[in-house]
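Chemist: Structure file query.txt, compact mmCIF, C-alpha atoms, is pasted below:
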```
# COMPACT_ATOMS: atom_id res chain seq x y z
CA MET A 1370 0.00 0.00 0.00
CA ARG A 1371 1.35 3.42 -0.96
CA ILE A 1372 0.61 6.34 1.34
CA LEU A 1373 1.20 10.08 0.96
CA LEU A 1374 2.07 11.72 4.30
CA VAL A 1375 1.59 15.50 4.26
CA GLU A 1376 3.36 16.98 7.29
CA ASP A 1377 5.44 20.17 7.45
CA GLU A 1378 7.19 19.46 10.76
CA PRO A 1379 10.33 17.46 9.80
CA ASN A 1380 10.73 15.52 13.05
CA ALA A 1381 7.09 14.45 13.14
CA ALA A 1382 7.22 13.45 9.47
CA HIS A 1383 10.38 11.35 10.00
CA VAL A 1384 8.94 9.49 13.01
CA LEU A 1385 5.54 8.83 11.43
CA ALA A 1386 6.98 7.75 8.05
CA LYS A 1387 9.39 5.39 9.80
CA GLY A 1388 6.57 3.79 11.79
CA LEU A 1389 4.41 3.35 8.68
CA ARG A 1390 7.27 1.77 6.74
CA GLU A 1391 7.85 -0.68 9.59
CA HIS A 1392 4.23 -1.79 8.99
CA THR A 1393 5.05 -2.47 5.28
CA TYR A 1394 3.52 0.73 3.86
CA ALA A 1395 5.39 2.55 1.09
CA VAL A 1396 5.45 6.20 2.17
CA ASP A 1397 6.03 9.45 0.26
CA VAL A 1398 6.34 12.68 2.24
CA ALA A 1399 5.18 16.17 1.21
CA ALA A 1400 6.15 19.16 3.36
CA ASP A 1401 3.61 21.69 2.08
CA GLY A 1402 0.27 21.95 0.35
CA ASP A 1403 1.63 22.68 -3.12
CA ALA A 1404 3.86 19.59 -3.03
CA ALA A 1405 0.94 17.48 -1.81
CA LEU A 1406 -1.30 18.55 -4.70
CA PHE A 1407 1.46 17.87 -7.22
CA GLN A 1408 2.13 14.37 -5.85
CA VAL A 1409 -1.55 13.43 -5.66
CA GLY A 1410 -1.94 14.59 -9.25
CA THR A 1411 0.93 12.41 -10.50
CA THR A 1412 0.77 9.29 -8.29
CA ASP A 1413 -1.97 6.75 -7.57
CA TYR A 1414 -2.03 6.62 -3.75
CA ASP A 1415 -4.03 4.20 -1.63
CA ALA A 1416 -4.56 6.84 1.08
CA VAL A 1417 -3.43 10.33 2.17
CA ILE A 1418 -2.60 11.38 5.74
CA LEU A 1419 -3.08 15.15 5.65
CA ASP A 1420 -2.08 17.70 8.29
CA VAL A 1421 -4.21 20.86 8.45
CA MET A 1422 -1.62 23.49 9.37
CA LEU A 1423 0.59 23.58 6.26
CA PRO A 1424 2.67 26.32 4.62
CA ARG A 1425 1.59 27.82 1.28
CA VAL A 1426 -1.71 25.91 1.00
CA ASP A 1427 -3.49 24.67 4.13
CA GLY A 1428 -4.86 21.14 4.53
CA PHE A 1429 -8.50 22.16 4.11
CA THR A 1430 -7.72 23.74 0.72
CA VAL A 1431 -5.64 20.73 -0.34
CA CYS A 1432 -8.48 18.37 0.51
CA ARG A 1433 -11.09 20.51 -1.22
CA THR A 1434 -8.92 20.83 -4.36
CA ILE A 1435 -8.41 17.06 -4.56
CA ARG A 1436 -12.17 16.45 -4.38
CA GLU A 1437 -13.03 19.21 -6.86
CA SER A 1438 -10.61 17.69 -9.36
CA GLY A 1439 -12.38 14.34 -9.07
CA GLY A 1440 -9.85 12.62 -6.79
CA ALA A 1441 -11.36 9.78 -4.75
CA VAL A 1442 -8.29 8.81 -2.73
CA PRO A 1443 -9.18 8.19 0.96
CA ILE A 1444 -8.01 11.13 3.13
CA LEU A 1445 -7.29 10.99 6.86
CA MET A 1446 -6.97 14.54 8.19
CA VAL A 1447 -4.89 15.06 11.35
CA THR A 1448 -4.61 18.27 13.37
CA ALA A 1449 -4.08 19.73 16.81
CA ARG A 1450 -7.32 21.69 16.40
CA ASP A 1451 -9.86 19.91 18.60
CA ALA A 1452 -12.75 22.34 18.13
CA VAL A 1453 -15.94 20.84 16.73
CA GLU A 1454 -16.02 23.54 14.03
CA SER A 1455 -12.62 22.43 12.72
CA ARG A 1456 -13.70 18.80 12.51
CA ILE A 1457 -16.86 19.81 10.68
CA GLU A 1458 -14.87 21.95 8.22
CA GLY A 1459 -12.46 19.08 7.56
CA LEU A 1460 -15.20 16.56 6.86
CA ASP A 1461 -17.19 19.04 4.76
CA CYS A 1462 -14.22 19.78 2.50
CA GLY A 1463 -13.95 16.08 1.63
CA ALA A 1464 -11.93 14.28 4.32
CA ASP A 1465 -13.00 10.71 5.04
CA ASP A 1466 -11.86 10.75 8.66
CA TYR A 1467 -10.44 13.20 11.20
CA LEU A 1468 -7.88 12.46 13.94
CA ILE A 1469 -6.92 14.85 16.75
CA LYS A 1470 -3.28 15.26 17.86
CA PRO A 1471 -1.81 13.85 20.00
CA TYR A 1472 -3.03 10.41 18.95
CA ASP A 1473 -2.00 6.82 19.52
CA PHE A 1474 -0.07 5.36 16.58
CA GLY A 1475 -2.08 2.14 16.82
CA GLU A 1476 -5.31 4.11 16.38
CA LEU A 1477 -3.88 5.87 13.31
CA LEU A 1478 -3.03 2.46 11.79
CA ALA A 1479 -6.54 1.17 12.51
CA ARG A 1480 -8.18 4.23 10.96
CA LEU A 1481 -5.88 3.95 7.95
CA ARG A 1482 -6.85 0.30 7.43
CA ALA A 1483 -10.53 1.24 7.71
CA LEU A 1484 -10.16 4.04 5.13
CA ILE A 1485 -8.40 1.79 2.66
CA ARG A 1486 -11.12 -0.85 3.12
CA SER A 1487 -13.85 1.69 2.49
CA GLY A 1488 -12.03 3.12 -0.53
CA ARG A 1489 -10.98 1.35 -3.68
CA GLN A 1490 -9.49 -1.70 -1.97
CA PRO A 1491 -11.65 -4.69 -0.99
CA VAL A 1492 -11.78 -5.73 2.64
CA LEU A 1493 -8.55 -7.55 3.44
CA PRO A 1494 -9.38 -10.86 5.14
CA GLU A 1495 -7.27 -12.07 8.03
CA ARG A 1496 -6.14 -14.96 5.82
CA LEU A 1497 -5.40 -15.01 2.08
CA THR A 1498 -5.05 -18.39 0.37
CA VAL A 1499 -3.60 -18.89 -3.12
CA GLY A 1500 -2.93 -22.54 -3.92
CA PRO A 1501 -0.49 -23.92 -1.32
CA LEU A 1502 0.25 -20.38 -0.07
CA THR A 1503 -1.46 -18.93 3.00
CA ILE A 1504 -0.89 -15.34 4.14
CA GLU A 1505 -1.94 -14.26 7.64
CA THR A 1506 -2.41 -10.53 7.16
CA ARG A 1507 -2.64 -9.57 10.84
CA SER A 1508 0.68 -11.12 11.81
CA ARG A 1509 2.19 -10.67 8.30
CA ARG A 1510 3.22 -14.33 8.05
CA ALA A 1511 3.50 -16.45 4.89
CA ILE A 1512 3.01 -20.23 5.04
CA VAL A 1513 3.64 -22.64 2.13
CA ARG A 1514 2.63 -26.28 2.52
CA ASN A 1515 2.50 -25.93 6.34
CA HIS A 1516 5.98 -24.38 6.52
CA GLU A 1517 6.44 -20.72 7.48
CA VAL A 1518 8.53 -18.65 5.05
CA LEU A 1519 10.62 -15.87 6.58
CA LEU A 1520 10.24 -12.64 4.58
CA THR A 1521 11.59 -9.12 4.85
CA ALA A 1522 9.08 -6.27 5.12
CA LYS A 1523 9.41 -5.44 1.40
CA GLU A 1524 9.15 -9.09 0.36
CA TYR A 1525 5.99 -9.46 2.42
CA ALA A 1526 4.46 -6.27 0.98
CA LEU A 1527 5.14 -7.51 -2.56
CA LEU A 1528 3.74 -10.98 -1.84
CA GLU A 1529 0.56 -9.60 -0.24
CA TYR A 1530 -0.03 -7.30 -3.22
CA LEU A 1531 0.39 -10.19 -5.67
CA ALA A 1532 -1.94 -12.37 -3.58
CA ARG A 1533 -4.58 -9.62 -3.63
CA ARG A 1534 -4.31 -9.60 -7.44
CA ALA A 1535 -4.19 -13.39 -7.82
CA GLY A 1536 -5.31 -14.36 -11.32
CA ASP A 1537 -4.59 -10.91 -12.78
CA VAL A 1538 -1.72 -9.88 -15.03
CA VAL A 1539 0.18 -7.31 -12.96
CA SER A 1540 2.74 -5.02 -14.60
CA ARG A 1541 5.97 -3.87 -13.02
CA GLY A 1542 4.51 -0.38 -13.05
CA ASP A 1543 1.51 -1.55 -10.98
CA ILE A 1544 3.83 -3.22 -8.49
CA ALA A 1545 6.09 -0.18 -8.18
CA GLU A 1546 3.08 2.09 -7.75
CA HIS A 1547 1.72 0.20 -4.76
CA VAL A 1548 4.72 -1.50 -3.12
CA TRP A 1549 7.55 1.02 -3.54
CA ASP A 1550 7.70 4.71 -2.62
CA GLU A 1551 9.07 7.81 -4.36
CA HIS A 1552 12.65 6.46 -4.14
CA TYR A 1553 11.84 3.74 -6.69
CA ASP A 1554 14.06 4.03 -9.75
CA PRO A 1555 12.14 3.04 -12.92
CA LEU A 1556 15.46 2.36 -14.66
CA SER A 1557 16.31 -0.44 -12.23
CA ASN A 1558 15.26 -4.09 -12.23
CA VAL A 1559 14.58 -4.16 -8.49
CA VAL A 1560 11.06 -5.58 -9.04
CA ASP A 1561 12.57 -8.54 -10.90
CA VAL A 1562 15.15 -8.97 -8.12
CA TYR A 1563 12.45 -9.21 -5.46
CA ILE A 1564 10.30 -11.52 -7.61
CA GLN A 1565 13.29 -13.86 -7.92
CA ARG A 1566 13.81 -13.74 -4.15
CA LEU A 1567 10.18 -14.70 -3.56
CA ARG A 1568 10.39 -17.55 -6.04
CA ARG A 1569 13.46 -18.95 -4.31
CA LYS A 1570 11.72 -18.83 -0.95
CA LEU A 1571 8.25 -20.01 -2.03
CA ASP A 1572 8.78 -22.57 -4.78
CA ALA A 1573 9.58 -26.21 -4.13
CA ALA A 1574 11.94 -28.13 -6.42
CA GLY A 1575 10.15 -29.85 -9.29
CA ARG A 1576 6.91 -27.89 -8.81
CA GLU A 1577 5.43 -25.13 -10.95
CA SER A 1578 6.26 -21.64 -9.70
CA LEU A 1579 3.57 -19.79 -7.75
CA ILE A 1580 4.57 -16.57 -9.54
CA ARG A 1581 4.54 -16.65 -13.34
CA THR A 1582 5.97 -14.06 -15.73
CA ARG A 1583 4.07 -13.01 -18.83
CA ARG A 1584 5.68 -10.74 -21.41
CA ASP A 1585 3.44 -8.76 -23.77
CA GLU A 1586 2.85 -5.21 -24.93
CA THR A 1587 3.13 -4.09 -21.32
CA GLU A 1588 6.87 -4.61 -21.66
CA TYR A 1589 6.98 -2.13 -24.53
CA ARG A 1590 5.00 0.40 -22.51
CA GLU A 1591 7.45 0.04 -19.67
CA ALA A 1592 10.35 0.55 -22.09
CA LEU A 1593 8.77 3.88 -23.05
CA ALA A 1594 8.42 4.71 -19.36
CA ILE A 1595 12.12 3.98 -18.86
CA THR A 1596 12.97 6.34 -21.72
CA GLY A 1597 10.91 9.04 -20.05
CA ALA A 1598 12.66 8.36 -16.76
CA GLN A 1599 16.05 8.77 -18.44
CA SER A 1600 14.94 12.17 -19.71
CA ARG A 1601 13.87 13.16 -16.19
CA ARG A 1602 17.22 11.97 -14.83
CA LEU A 1603 19.05 14.22 -17.32
CA GLY A 1604 16.81 17.07 -16.20
CA THR A 1605 17.82 16.41 -12.60
CA LEU A 1606 21.50 16.49 -13.62
CA VAL A 1607 21.00 19.89 -15.25
CA GLU A 1608 19.22 21.12 -12.13
CA ASP A 1609 22.12 19.95 -9.94
CA MET A 1610 24.59 21.80 -12.15
CA LEU A 1611 22.50 24.96 -11.82
CA VAL A 1612 22.58 24.57 -8.04
CA LEU A 1613 26.39 24.36 -8.17
CA ALA A 1614 26.55 27.46 -10.35
CA ARG A 1615 24.29 29.41 -7.97
CA ALA A 1616 26.32 28.25 -4.98
CA ASP A 1617 29.56 29.43 -6.64
CA ALA A 1618 27.97 32.84 -7.23
CA GLY A 1619 26.71 33.02 -3.64
CA ALA A 1620 23.15 33.15 -4.96
CA TYR A 1621 21.80 29.85 -3.65
CA PRO A 1622 19.35 30.52 -0.78
CA LEU A 1623 19.94 28.08 2.07
CA ARG A 1624 16.78 26.86 3.83
CA PRO A 1625 17.97 25.63 7.23
CA VAL A 1626 15.55 23.64 9.40
CA ASP A 1627 15.90 21.68 12.65
CA LEU A 1628 16.21 17.97 11.92
CA TYR A 1629 17.59 14.67 13.16
CA LEU A 1630 20.60 13.91 10.97
CA ASP A 1631 20.53 10.17 11.71
CA GLU A 1632 16.97 9.94 10.33
CA VAL A 1633 17.97 11.81 7.16
CA VAL A 1634 20.90 9.40 6.76
CA ASP A 1635 18.61 6.38 7.21
CA GLU A 1636 16.22 7.69 4.52
CA CYS A 1637 19.19 8.18 2.17
CA ARG A 1638 20.25 4.60 2.89
CA ARG A 1639 16.78 3.38 1.85
CA ALA A 1640 17.00 5.50 -1.31
CA VAL A 1641 20.03 3.53 -2.57
CA GLU A 1642 18.82 0.09 -1.48
CA VAL A 1643 17.36 -0.50 -4.95
CA LEU A 1644 20.73 -0.03 -6.64
CA ALA A 1645 22.46 -2.02 -3.91
CA ALA A 1646 20.04 -4.97 -4.19
CA GLU A 1647 20.70 -5.21 -7.93
CA ARG A 1648 24.44 -5.48 -7.24
CA GLY A 1649 24.16 -7.86 -4.29
CA ILE A 1650 25.46 -5.25 -1.83
CA THR A 1651 24.30 -4.62 1.74
CA VAL A 1652 23.86 -1.00 2.86
CA LYS A 1653 23.64 -0.35 6.60
CA SER A 1654 23.46 2.75 8.78
CA THR A 1655 24.86 2.83 12.30
CA GLY A 1656 26.13 5.42 14.75
CA ALA A 1657 24.43 7.78 17.17
CA LEU A 1658 20.64 8.25 17.33
CA ASN A 1659 18.56 11.43 17.69
CA VAL A 1660 21.42 13.67 16.51
CA ALA A 1661 19.76 17.10 16.27
CA VAL A 1662 21.29 19.57 13.81
CA ARG A 1663 20.17 22.59 11.81
CA GLY A 1664 20.79 22.57 8.07
CA ASP A 1665 19.35 22.59 4.55
CA GLU A 1666 17.64 19.18 4.44
CA GLU A 1667 17.46 18.95 0.64
CA LEU A 1668 21.17 19.68 0.17
CA LEU A 1669 22.11 17.25 2.93
CA ARG A 1670 20.07 14.53 1.21
CA ARG A 1671 21.74 15.19 -2.15
CA LEU A 1672 25.19 15.05 -0.61
CA ILE A 1673 24.63 11.82 1.34
CA VAL A 1674 22.81 10.03 -1.50
CA ASN A 1675 25.60 10.95 -3.95
CA LEU A 1676 28.25 9.57 -1.58
CA LEU A 1677 26.28 6.36 -1.04
CA GLN A 1678 25.60 5.85 -4.76
CA ASN A 1679 29.29 6.23 -5.54
CA ALA A 1680 30.19 3.76 -2.80
CA VAL A 1681 27.66 1.20 -4.10
CA GLN A 1682 28.83 1.57 -7.70
CA HIS A 1683 32.46 0.88 -6.74
CA THR A 1684 31.85 -1.98 -4.29
CA PRO A 1685 32.03 -5.56 -5.58
CA SER A 1686 29.06 -7.92 -5.31
CA GLY A 1687 28.69 -9.33 -1.80
CA GLY A 1688 30.29 -6.24 -0.27
CA VAL A 1689 29.03 -3.85 2.39
CA VAL A 1690 28.53 -0.08 2.37
CA SER A 1691 28.07 1.61 5.75
CA VAL A 1692 27.08 5.15 6.67
CA ASP A 1693 27.59 6.42 10.21
CA VAL A 1694 26.61 9.58 12.09
CA CYS A 1695 29.44 10.53 14.45
CA PRO A 1696 28.98 13.51 16.83
CA LYS A 1697 32.31 14.90 18.07
CA GLU A 1698 32.36 17.85 20.46
CA SER A 1699 30.49 20.68 18.69
CA LYS A 1700 30.54 19.01 15.25
CA VAL A 1701 28.78 16.10 13.59
CA PHE A 1702 30.47 13.93 10.95
CA VAL A 1703 28.81 11.66 8.38
CA ARG A 1704 31.16 8.81 7.45
CA VAL A 1705 30.60 6.59 4.40
CA ALA A 1706 32.76 3.46 4.08
CA ASP A 1707 32.73 0.46 1.76
CA THR A 1708 34.57 -2.79 1.12
CA GLY A 1709 35.69 -1.78 -2.36
CA ALA A 1710 39.24 -1.17 -3.56
CA GLY A 1711 39.30 2.36 -2.19
CA ILE A 1712 40.87 5.54 -3.59
CA ALA A 1713 44.62 5.83 -3.99
CA GLY A 1714 46.28 8.17 -1.51
CA ALA A 1715 47.53 10.46 -4.28
CA ASP A 1716 43.96 10.97 -5.51
CA GLN A 1717 42.18 11.50 -2.19
CA SER A 1718 42.68 15.27 -2.21
CA ARG A 1719 40.75 15.42 -5.51
CA ILE A 1720 37.62 13.57 -4.32
CA PHE A 1721 35.46 16.70 -4.29
CA ASP A 1722 36.92 18.29 -7.44
CA ARG A 1723 34.27 18.64 -10.12
CA PHE A 1724 34.25 16.58 -13.30
CA VAL A 1725 37.32 14.58 -12.26
CA GLN A 1726 37.31 10.88 -13.17
CA LEU A 1727 39.84 8.93 -11.13
CA ASP A 1728 39.32 5.58 -12.88
CA PRO A 1729 41.24 5.74 -16.22
CA SER A 1730 39.38 2.68 -17.54
CA ARG A 1731 36.12 4.66 -17.59
CA ARG A 1732 37.44 7.56 -19.68
CA ALA A 1733 36.29 7.86 -23.28
CA GLU A 1734 38.80 8.37 -26.06
CA GLY A 1735 38.89 11.56 -28.09
```
Could you spell out this file's structure in structure tokens?
Modeler:
Amino acid sequence: MRILLVEDEPNAAHVLAKGLREHTYAVDVAADGDAALFQVGTTDYDAVILDVMLPRVDGFTVCRTIRESGGAVPILMVTARDAVESRIEGLDCGADDYLIKPYDFGELLARLRALIRSGRQPVLPERLTVGPLTIETRSRRAIVRNHEVLLTAKEYALLEYLARRAGDVVSRGDIAEHVWDEHYDPLSNVVDVYIQRLRRKLDAAGRESLIRTRRDETEYREALAITGAQSRRLGTLVEDMLVLARADAGAYPLRPVDLYLDEVVDECRRAVEVLAAERGITVKSTGALNVAVRGDEELLRRLIVNLLQNAVQHTPSGGVVSVDVCPKESKVFVRVADTGAGIAGADQSRIFDRFVQLDPSRRAEG
């Protein structure tokens, strides 16, 4: 299930998104009303958790705009406003449910399940059975021929989605839309990687696979989608170069906010897990917890993701990439390490020079 969380307070958004992901939801986060409307307009969400007090466009206006544009996505509105008039306004502008802060996380999960049931998704039974496979949805357990199969959170989410759609032809795009979040890279084959993992865990030797692959015109559509994604990636590269140019000219406006650096680092780790899984590499984050700093969150994310992507790309299959948050006196250090060959001592001073390629084998002739 893919959820959009609209929350402008960074710490609250980090904690809530982390809790939802631990319950196998794929979560995208929007920090203001404009971003929320853009994401709802471009992504098919199973539900929206919408704060009322938002910058730029408030939650009531966001909800009303979604309904006026024909959007039927279930919306759970959350706010610290406990006045009856506020609850009435929220429900009248199109919200399906209304939750007052502070709330119990278990109650939020229960209300979210109820909204999804009442929306486009059928009621999820406590037990799903597909051939020899049984899924216990409450405990998130998978059993094949009376033997429990141990699954990661993402493997379980993928298996439950496929079981819901048993008998249907499901495209990779459908799977990515409902099982992965905004960090999914359409250029990767991570869906195939996870399908192969499930097959290895579920299928018995000599028996027909529970998950079958069918290739048709959908594959061609997805090839077009990949081409579009490549164009967007080039656009992102151009945007990054513009950021560098503005920074050099002293014209880039920093937007510092209070945040927990270890949570930003953990989200960056999840962002590169797709690439790492394709290469058979483990990415882990360790170090101190609840490290409060003030900084530009977007620039910090770009920096850490770039470092992690480089580490993954230059680490051999079976290797490990680690990222640590290390407070020291009045400073905080982010350390990225890997089990690759490393950078020669003579080249280490050039790591942050622009457009420098240290690996001669990757240089083009001419």
Chemist: Using all atoms listed in the file, which of the listed residues (A:Arg1533, A:His1683, A:Arg1576, A:Lys1697) sits closest to A:Gly1656?
Modeler: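 Ranking A:Arg1533, A:His1683, A:Arg1576, A:Lys1697 by distance to A:Gly1656, first place goes to A:Lys1697.
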Chemist: Just how far from atom CA of A:Glu1647 is atom CA of A:Asn1558, in Å to one decimal?
Modeler: 7.0 Å
Chemist: Go through A:Val1633, A:Ala1400, A:Val1513, A:Ile1650 one by one, measure the shortest atom-to-atom distance of each to A:Leu1579 using all atoms listed in the file, and give the residue with the smallest value.
Modeler: A:Val1513
Chemist: Using only C-alpha atoms for the distances, tell me which of A:Asp1377, A:Asp1707, A:Asp1465, A:Asp1572 is nearest to A:Ser1686.
Modeler: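 Among the listed residues, A:Asp1707 lies closest to A:Ser1686.
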Chemist: From the options A:Val1690, A:Leu1603, A:Ile1564, A:Val1398, which residue's atoms come nearest to A:Lys1653, counting only C-alpha atoms?
Modeler: A:Val1690
Chemist: Rounded to one decimal place, report the atom CA of A:Arg1581-atom CA of A:Asn1515 distance in Å.
Modeler: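 Distance between the two atoms: 21.9 Å.
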Chemist: Figure out the distance between atom CA of A:Pro1696 and atom CA of A:Ala1710, please, to one decimal in Å.
Modeler: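 Between atom CA of A:Ala1710 and atom CA of A:Pro1696 the gap is 27.1 Å.
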Chemist: Write out as a list of chain:residue names the residues lying within 10 Å of A:Arg1514, counting only C-alpha atoms and excluding same-chain residues fewer than 4 positions away.
Modeler: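 Here the qualifying residues turn out to be A:Gly1500, A:Pro1501, A:Leu1502, A:Thr1503, A:Val1518, A:Leu1571, A:Ala1573.
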Chemist: Got a sec: who's within 10 Å of A:Val1626, counting all atoms listed in the file, leaving out chain neighbours fewer than 6 positions off, as a PDB file with C-alpha atoms, keeping the file's coordinate frame?
Modeler:
```
ATOM      1  CA  GLU A1378       7.190  19.460  10.760  1.00  0.00           C
ATOM      2  CA  PRO A1379      10.330  17.460   9.800  1.00  0.00           C
ATOM      3  CA  VAL A1662      21.290  19.570  13.810  1.00  0.00           C
ATOM      4  CA  ARG A1663      20.170  22.590  11.810  1.00  0.00           C
ATOM      5  CA  GLY A1664      20.790  22.570   8.070  1.00  0.00           C
ATOM      6  CA  ASP A1665      19.350  22.590   4.550  1.00  0.00           C
ATOM      7  CA  GLU A1666      17.640  19.180   4.440  1.00  0.00           C
TER       8      GLU A1666
END
```
Chemist: Between A:Cys1695, A:His1516, A:Leu1644, A:Tyr1467, which is the closest to A:Gln1678 once you count all atoms listed in the file?
Modeler: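 Looking at the shortest contact to A:Gln1678, the residue is A:Leu1644.
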Chemist: Go through A:Leu1630, A:Ala1483, A:Ala1640, A:Ala1620 one by one, measure the shortest atom-to-atom distance of each to A:Asn1380 using only C-alpha atoms, and give the residue with the smallest value.
Modeler: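 Under the stated criterion, the closest residue is A:Leu1630.
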Chemist: Around (2.7, 6.3, -4.4) in the file's frame, which residues reach within 6 Å when counting all atoms listed in the file? Return as a list in words?
Modeler: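 Checked against the point, the hits come out as Arg1371, Thr1412, Asp1413, Tyr1414, Glu1546 and Asp1550 of chain A.
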Chemist: Tell me, as a PyMOL selection string, which residues lie within 10 Å of A:Val1674, counting only C-alpha atoms; anything in the same chain fewer than 3 positions away does not count.
Modeler: chain A and resi 1634+1636-1641+1668-1671+1677-1680
Chemist: Mind writing the picked residues with C-alpha atoms as an mmCIF file, in the coordinates of the input?
Modeler:
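For reference, result-v1.cif as written:
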```cif
data_model
loop_
_atom_site.group_PDB
_atom_site.id
_atom_site.type_symbol
_atom_site.label_atom_id
_atom_site.label_comp_id
_atom_site.auth_asym_id
_atom_site.auth_seq_id
_atom_site.Cartn_x
_atom_site.Cartn_y
_atom_site.Cartn_z
ATOM 1 C CA VAL A 1634 20.900 9.400 6.760
ATOM 2 C CA GLU A 1636 16.220 7.690 4.520
ATOM 3 C CA CYS A 1637 19.190 8.180 2.170
ATOM 4 C CA ARG A 1638 20.250 4.600 2.890
ATOM 5 C CA ARG A 1639 16.780 3.380 1.850
ATOM 6 C CA ALA A 1640 17.000 5.500 -1.310
ATOM 7 C CA VAL A 1641 20.030 3.530 -2.570
ATOM 8 C CA LEU A 1668 21.170 19.680 0.170
ATOM 9 C CA LEU A 1669 22.110 17.250 2.930
ATOM 10 C CA ARG A 1670 20.070 14.530 1.210
ATOM 11 C CA ARG A 1671 21.740 15.190 -2.150
ATOM 12 C CA LEU A 1677 26.280 6.360 -1.040
ATOM 13 C CA GLN A 1678 25.600 5.850 -4.760
ATOM 14 C CA ASN A 1679 29.290 6.230 -5.540
ATOM 15 C CA ALA A 1680 30.190 3.760 -2.800
#
```
Chemist: Around (25.1, 2.1, 4.4) in the file's frame, which residues reach within 8 Å when counting all atoms listed in the file? Return as a PyMOL selection string?
Modeler: chain A and resi 1638+1651-1655+1677+1689-1693+1705-1706
Chemist: Residues at most 12 Å from A:Val1431, counting only C-alpha atoms, excluding those fewer than 2 positions away in the same chain, as JSON, numbers by chain?
Modeler: {"A": [1375, 1399, 1401, 1402, 1403, 1404, 1405, 1406, 1407, 1408, 1409, 1410, 1417, 1418, 1419, 1420, 1421, 1422, 1423, 1424, 1425, 1426, 1427, 1428, 1429, 1433, 1434, 1435, 1436, 1437, 1438, 1440, 1444, 1446, 1459, 1462, 1463, 1464]}
Chemist: What's around A:Thr1393 at 7 Å? Count only C-alpha atoms, leave out sequence neighbours fewer than 5 positions away in its own chain, and write the answer as JSON, numbers by chain.
Modeler: {"A": [1522, 1523, 1526]}
